[in-house]
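Note: the block below is work-v7.cif and it holds mmCIF, C-alpha atoms.
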```
data_entry
#
loop_
_atom_site.group_PDB
_atom_site.id
_atom_site.type_symbol
_atom_site.label_atom_id
_atom_site.label_comp_id
_atom_site.auth_asym_id
_atom_site.auth_seq_id
_atom_site.Cartn_x
_atom_site.Cartn_y
_atom_site.Cartn_z
ATOM 1 C CA MET W 200 59.095 100.596 -45.063
ATOM 2 C CA LEU W 201 59.596 101.531 -41.480
ATOM 3 C CA ALA W 202 57.751 102.618 -38.390
ATOM 4 C CA THR W 203 58.242 104.013 -34.920
ATOM 5 C CA THR W 204 56.208 102.880 -31.952
ATOM 6 C CA ASP W 205 56.398 102.868 -28.210
ATOM 7 C CA ARG W 206 54.923 101.119 -25.206
ATOM 8 C CA SER W 207 56.458 102.984 -22.270
ATOM 9 C CA GLY W 208 58.505 105.288 -24.479
ATOM 10 C CA PRO W 209 59.735 105.731 -28.065
ATOM 11 C CA ALA W 210 61.043 102.575 -29.717
ATOM 12 C CA GLU W 211 62.358 103.120 -33.198
ATOM 13 C CA PHE W 212 62.035 100.451 -35.845
ATOM 14 C CA GLY W 213 64.478 102.265 -38.111
ATOM 15 C CA ASN W 214 64.911 105.398 -40.182
ATOM 16 C CA ALA W 215 65.046 106.398 -43.820
ATOM 17 C CA ASN W 216 68.701 105.378 -44.046
ATOM 18 C CA LEU W 217 67.768 101.760 -43.330
ATOM 19 C CA PRO W 218 70.430 100.808 -40.779
ATOM 20 C CA GLY W 219 71.109 97.158 -40.004
ATOM 21 C CA THR W 220 69.039 95.196 -37.526
ATOM 22 C CA GLN W 221 70.132 95.092 -33.931
ATOM 23 C CA ASN W 222 69.116 91.629 -32.768
ATOM 24 C CA GLY W 223 71.926 89.983 -34.694
ATOM 25 C CA THR W 224 70.013 86.972 -36.008
ATOM 26 C CA ASN W 225 70.822 85.738 -39.490
ATOM 27 C CA ASP W 226 67.174 85.591 -40.486
ATOM 28 C CA MET W 227 66.532 89.197 -39.511
ATOM 29 C CA LYS W 228 69.731 90.342 -41.226
ATOM 30 C CA ALA W 229 68.655 88.602 -44.413
ATOM 31 C CA MET W 230 65.165 90.115 -44.203
ATOM 32 C CA HIS W 231 66.579 93.560 -43.562
ATOM 33 C CA GLN W 232 68.958 93.217 -46.497
ATOM 34 C CA LYS W 233 65.949 92.515 -48.705
ATOM 35 C CA ARG W 234 64.339 95.693 -47.393
ATOM 36 C CA ILE W 235 67.508 97.631 -48.208
ATOM 37 C CA ASN W 236 67.584 96.173 -51.715
ATOM 38 C CA LEU W 237 63.966 97.106 -52.280
ATOM 39 C CA LEU W 238 63.850 100.570 -50.767
ATOM 40 C CA GLY W 239 67.382 101.887 -50.784
ATOM 41 C CA HIS W 240 69.000 100.584 -53.935
ATOM 42 C CA LEU W 241 66.291 100.419 -56.566
ATOM 43 C CA THR W 242 68.216 102.417 -59.143
ATOM 44 C CA ALA W 243 71.380 100.439 -58.451
ATOM 45 C CA GLY W 244 69.537 97.349 -59.676
ATOM 46 C CA VAL W 245 69.049 98.565 -63.227
ATOM 47 C CA LEU W 246 69.478 95.688 -65.642
ATOM 48 C CA GLY W 247 69.416 96.585 -69.301
ATOM 49 C CA ALA W 248 66.761 99.231 -69.932
ATOM 50 C CA GLY W 249 64.586 98.284 -66.972
ATOM 51 C CA LEU W 250 64.671 98.429 -63.217
ATOM 52 C CA VAL W 251 64.271 95.224 -61.227
ATOM 53 C CA LEU W 252 61.794 95.519 -58.387
ATOM 54 C CA GLY W 253 60.262 93.107 -55.940
ATOM 55 C CA SER W 254 58.072 92.695 -52.885
ATOM 56 C CA LEU W 255 58.823 92.073 -49.253
ATOM 57 C CA THR W 256 56.978 90.373 -46.448
ATOM 58 C CA GLY W 257 58.746 90.516 -43.123
ATOM 59 C CA THR W 258 58.761 91.676 -39.536
ATOM 60 C CA ALA W 259 60.219 94.947 -38.365
ATOM 61 C CA ALA W 260 63.348 94.692 -36.254
ATOM 62 C CA PRO W 261 62.890 96.519 -32.927
ATOM 63 C CA LYS W 262 65.651 97.649 -30.615
ATOM 64 C CA ALA W 263 67.462 95.083 -28.532
ATOM 65 C CA GLN W 264 65.592 95.933 -25.341
ATOM 66 C CA ASN W 265 62.368 94.752 -26.996
ATOM 67 C CA PRO W 266 63.334 91.405 -28.597
ATOM 68 C CA LYS W 267 59.779 90.466 -29.530
ATOM 69 C CA ASN W 268 58.745 91.594 -32.997
ATOM 70 C CA ASP W 269 55.463 93.249 -32.095
ATOM 71 C CA LEU W 270 54.861 95.096 -35.353
ATOM 72 C CA ALA W 271 54.794 92.979 -38.498
ATOM 73 C CA ILE W 272 55.202 94.800 -41.801
ATOM 74 C CA SER W 273 54.201 93.450 -45.203
ATOM 75 C CA LEU W 274 55.376 95.558 -48.145
ATOM 76 C CA THR W 275 54.395 95.061 -51.789
ATOM 77 C CA ALA W 276 55.405 96.952 -54.926
ATOM 78 C CA ARG W 277 53.045 96.901 -57.907
ATOM 79 C CA LYS W 278 53.147 98.611 -61.277
ATOM 80 C CA VAL W 279 50.253 100.933 -62.190
ATOM 81 C CA VAL W 280 49.107 100.141 -65.734
ATOM 82 C CA LYS W 281 46.670 102.334 -67.687
ATOM 83 C CA LEU W 282 44.113 100.368 -69.697
ATOM 84 C CA ALA W 283 42.558 101.398 -73.002
ATOM 85 C CA ASP W 284 39.312 102.354 -71.265
ATOM 86 C CA GLY W 285 41.147 104.740 -68.939
ATOM 87 C CA LYS W 286 40.959 102.479 -65.904
ATOM 88 C CA GLU W 287 43.981 101.367 -63.933
ATOM 89 C CA ARG W 288 45.272 97.916 -63.130
ATOM 90 C CA LEU W 289 47.945 96.952 -60.604
ATOM 91 C CA GLN W 290 50.435 94.332 -61.793
ATOM 92 C CA PRO W 291 53.337 92.625 -60.016
ATOM 93 C CA ALA W 292 56.329 94.954 -60.268
ATOM 94 C CA ASP W 293 59.231 92.738 -61.306
ATOM 95 C CA ARG W 294 60.770 95.406 -63.548
ATOM 96 C CA ALA W 295 60.083 99.085 -64.165
ATOM 97 C CA PHE W 296 61.125 101.470 -66.910
ATOM 98 C CA PRO W 297 61.610 105.268 -66.808
ATOM 99 C CA GLY W 298 58.280 107.043 -66.586
ATOM 100 C CA GLU W 299 56.406 104.084 -65.119
ATOM 101 C CA VAL W 300 54.566 104.361 -61.803
ATOM 102 C CA ILE W 301 55.040 101.956 -58.900
ATOM 103 C CA GLN W 302 52.574 101.739 -56.021
ATOM 104 C CA TYR W 303 53.918 100.736 -52.621
ATOM 105 C CA ASP W 304 51.443 99.260 -50.123
ATOM 106 C CA ALA W 305 52.507 98.556 -46.553
ATOM 107 C CA LEU W 306 50.349 96.543 -44.168
ATOM 108 C CA TYR W 307 51.145 96.956 -40.471
ATOM 109 C CA LEU W 308 49.905 94.331 -38.013
ATOM 110 C CA ASN W 309 50.170 94.497 -34.234
ATOM 111 C CA GLN W 310 50.864 90.842 -33.508
ATOM 112 C CA SER W 311 51.533 91.414 -29.807
ATOM 113 C CA GLU W 312 49.100 90.759 -26.982
ATOM 114 C CA GLY W 313 48.901 94.409 -25.989
ATOM 115 C CA SER W 314 48.478 97.862 -27.474
ATOM 116 C CA LEU W 315 51.235 99.626 -29.395
ATOM 117 C CA ASN W 316 51.434 103.360 -28.837
ATOM 118 C CA ASN W 317 52.378 106.190 -31.182
ATOM 119 C CA VAL W 318 52.751 104.053 -34.294
ATOM 120 C CA SER W 319 54.230 106.195 -37.083
ATOM 121 C CA PRO W 320 54.838 104.371 -40.377
ATOM 122 C CA THR W 321 57.560 106.008 -42.464
ATOM 123 C CA LEU W 322 58.038 105.427 -46.196
ATOM 124 C CA PRO W 323 61.325 106.493 -47.821
ATOM 125 C CA ILE W 324 61.092 107.521 -51.473
ATOM 126 C CA PRO W 325 63.664 105.308 -53.259
ATOM 127 C CA THR W 326 66.613 106.930 -54.983
ATOM 128 C CA GLY W 327 65.858 107.442 -58.653
ATOM 129 C CA MET W 328 62.129 107.820 -58.026
ATOM 130 C CA VAL W 329 59.881 110.782 -57.265
ATOM 131 C CA LEU W 330 56.621 110.843 -55.369
ATOM 132 C CA VAL W 331 53.488 111.136 -57.485
ATOM 133 C CA PRO W 332 51.702 114.163 -55.939
ATOM 134 C CA GLU W 333 48.490 113.407 -54.017
ATOM 135 C CA SER W 334 48.979 109.652 -54.464
ATOM 136 C CA ALA W 335 49.587 108.766 -50.809
ATOM 137 C CA SER W 336 46.751 107.137 -48.871
ATOM 138 C CA PRO W 337 45.701 107.993 -46.269
ATOM 139 C CA THR W 338 47.028 111.544 -46.475
ATOM 140 C CA PRO W 339 50.403 111.555 -44.685
ATOM 141 C CA THR W 340 50.989 113.923 -41.795
ATOM 142 C CA GLU W 341 54.636 114.775 -42.367
ATOM 143 C CA ALA W 342 57.292 114.680 -45.063
ATOM 144 C CA SER W 343 61.059 115.030 -45.248
ATOM 145 C CA LEU W 344 63.492 116.417 -47.796
ATOM 146 C CA ASP W 345 66.436 114.401 -46.464
ATOM 147 C CA GLY W 346 64.868 111.317 -44.858
ATOM 148 C CA ARG W 347 65.822 112.499 -41.367
ATOM 149 C CA THR W 348 64.059 115.761 -40.493
ATOM 150 C CA PHE W 349 60.262 115.666 -40.788
ATOM 151 C CA GLU W 350 57.818 118.575 -40.843
ATOM 152 C CA ARG W 351 54.093 118.869 -41.339
ATOM 153 C CA ILE W 352 52.792 118.863 -44.899
ATOM 154 C CA PRO W 353 52.871 121.063 -46.932
ATOM 155 C CA LEU W 354 56.578 121.671 -46.554
ATOM 156 C CA LYS W 355 57.687 125.252 -47.064
ATOM 157 C CA ARG W 356 61.014 126.976 -47.551
ATOM 158 C CA LYS W 357 62.357 130.495 -47.917
ATOM 159 C CA VAL W 358 63.961 131.581 -51.180
ATOM 160 C CA ARG W 359 65.877 134.766 -51.845
ATOM 161 C CA LEU W 360 64.631 136.882 -54.729
ATOM 162 C CA PRO W 361 66.948 138.793 -57.106
ATOM 163 C CA ASN W 362 66.134 142.019 -55.222
ATOM 164 C CA GLY W 363 67.377 140.488 -51.987
ATOM 165 C CA GLU W 364 63.994 139.917 -50.409
ATOM 166 C CA GLU W 365 62.990 136.526 -49.007
ATOM 167 C CA LYS W 366 59.823 134.744 -50.064
ATOM 168 C CA GLU W 367 58.222 131.639 -48.625
ATOM 169 C CA GLU W 368 57.247 128.985 -51.139
ATOM 170 C CA VAL W 369 55.688 125.533 -50.980
ATOM 171 C CA VAL W 370 58.098 122.693 -51.703
ATOM 172 C CA PRO W 371 56.873 120.484 -54.591
ATOM 173 C CA ALA W 372 55.859 116.997 -53.473
ATOM 174 C CA THR W 373 58.239 115.576 -56.066
ATOM 175 C CA GLU W 374 61.119 116.747 -53.847
ATOM 176 C CA TYR W 375 59.943 114.751 -50.824
ATOM 177 C CA ARG W 376 62.320 111.937 -49.874
ATOM 178 C CA ALA W 377 60.148 110.324 -47.199
ATOM 179 C CA LEU W 378 56.578 110.337 -45.894
ATOM 180 C CA ARG W 379 55.297 109.741 -42.372
ATOM 181 C CA TRP W 380 51.850 108.904 -41.038
ATOM 182 C CA HIS W 381 50.796 109.256 -37.397
ATOM 183 C CA VAL W 382 48.533 106.263 -36.839
ATOM 184 C CA GLY W 383 48.473 106.587 -33.052
ATOM 185 C CA ASP W 384 47.629 103.592 -30.890
ATOM 186 C CA MET W 385 47.062 100.121 -32.335
ATOM 187 C CA ALA W 386 45.200 97.525 -30.272
ATOM 188 C CA ALA W 387 46.341 93.904 -30.227
ATOM 189 C CA GLY W 388 45.594 92.334 -33.596
ATOM 190 C CA ALA W 389 44.842 95.686 -35.246
ATOM 191 C CA LYS W 390 45.925 96.373 -38.821
ATOM 192 C CA THR W 391 46.546 99.507 -40.813
ATOM 193 C CA THR W 392 47.696 100.092 -44.395
ATOM 194 C CA VAL W 393 49.523 103.035 -45.952
ATOM 195 C CA SER W 394 50.417 103.475 -49.609
ATOM 196 C CA ALA W 395 52.046 105.867 -52.037
ATOM 197 C CA ARG W 396 53.005 105.961 -55.683
ATOM 198 C CA THR W 397 56.391 106.829 -57.135
ATOM 199 C CA ARG W 398 57.550 107.430 -60.677
ATOM 200 C CA LEU W 399 60.850 106.132 -62.017
ATOM 201 C CA ILE W 400 62.919 108.938 -63.512
ATOM 202 C CA PRO W 401 65.632 108.501 -66.163
ATOM 203 C CA ALA W 402 69.133 107.890 -64.798
ATOM 204 C CA ASN W 403 70.375 110.913 -66.779
ATOM 205 C CA PRO W 404 67.362 113.181 -67.422
#
```
Before anything else, please render the file you have as structure tokens.
Amino acid sequence: MLATTDRSGPAEFGNANLPGTQNGTNDMKAMHQKRINLLGHLTAGVLGAGLVLGSLTGTAAPKAQNPKNDLAISLTARKVVKLADGKERLQPADRAFPGEVIQYDALYLNQSEGSLNNVSPTLPIPTGMVLVPESASPTPTEASLDGRTFERIPLKRKVRLPNGEEKEEVVPATEYRALRWHVGDMAAGAKTTVSARTRLIPANP
């Protein structure tokens, strides 16, 4: 789970490719590696018939020119379980199987003494999972098909028909590879939470 903010200008906290931290500390490298394991390599962690998941509580790693970790991020992954009465229950997501739904909740906390500007949480959709349509909360502003280029939702694309004509169509939400929210300014001590659900697809559908 990532975000971009700025004080006097843009200050990226990362992108959907989850690059390494830039402050070079062992603790931050270890934390970032956990984030990579959780968000970037979920399908690579398949053990037996199930997929091992986990949760992360850490602090985002800002660029070197801003050594203080102003924006703390707490990410949890929970399995959505349907009960006999039709209600849902969220359980710790230690392992997931194809077809099961995982809800990601990210809490962002401005732990600095001043305001953070243009906060934009970004949630990559892990490889091997697809977004559950209309499950994100609050409604995200933008989405991406490659984790790098973002456009306003709903995403659209042009397709060529057999007769040679072009037609614009809406891209299914299941093809989104990342979501982005524009939270705006966050005062000192302010919190905000974003969430979305993903479904684990078979390795060889």
Q: Could you state which residues are captured by the PyMOL selection byres ((chain W and resi 364-379) around 7) in this file, as a ChimeraX atom specification?
A: /W:319-324,329-332,339-346,353-360,362-363,380-381
To verify the selection step, state as an mmCIF file with C-alpha atoms, keeping the file's coordinate frame which residues the PyMOL selection byres ((chain W and resi 276) around 6) yields on this input.
```cif
data_model
loop_
_atom_site.group_PDB
_atom_site.id
_atom_site.type_symbol
_atom_site.label_atom_id
_atom_site.label_comp_id
_atom_site.auth_asym_id
_atom_site.auth_seq_id
_atom_site.Cartn_x
_atom_site.Cartn_y
_atom_site.Cartn_z
ATOM 1 C CA SER W 254 58.072 92.695 -52.885
ATOM 2 C CA THR W 275 54.395 95.061 -51.789
ATOM 3 C CA ARG W 277 53.045 96.901 -57.907
ATOM 4 C CA ALA W 292 56.329 94.954 -60.268
ATOM 5 C CA GLN W 302 52.574 101.739 -56.021
ATOM 6 C CA TYR W 303 53.918 100.736 -52.621
#
```
What are the centre and edge lengths in Å, to one decimal, of the axis-aligned box around all listed atoms of stretch 354-360 of chain W with 4 Å added on each side, as AutoDock Vina command-line options?
```
--center_x 61.2 --center_y 129.3 --center_z -50.6 --size_x 17.3 --size_y 23.2 --size_z 16.2
```
**Q.** Computed interatomic separation between atom CA of W:Ser311 and atom CA of W:Ala387 (Å)
**A.**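 These two atoms are separated by 5.8 Å.
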Q) Rounded to one decimal in Å, what is the spacing between atom CA of W:Asn316 and atom CA of W:Thr392? A)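 Between atom CA of W:Asn316 and atom CA of W:Thr392 the gap works out to 16.3 Å.
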Q: Report the distance between atom CA of W:Leu399 and atom CA of W:Met328 in Å, rounded to one decimal place.
A: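 Atom CA of W:Met328 lies 4.5 Å from atom CA of W:Leu399.
With the shown file loaded, the PyMOL selection byres ((chain W and resi 337) around 8) picks out Ala335, Ser336, Thr338, Pro339, Val393 and Ser394 of chain W.
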Q | Among the residues W:Leu306, W:Leu315, W:Ala395, W:Val300, the one that comes closest to W:Arg288 [using only C-alpha atoms] | A |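 So, comparing all the options, the nearest one is W:Val300.
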(Q) Here is a test: counting all atoms listed in the file, which residue of W:Gly383, W:Asn309, W:Pro297, W:Gly285 is nearest to W:Thr397? (A)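 Among the listed residues, W:Pro297 lies closest to W:Thr397.
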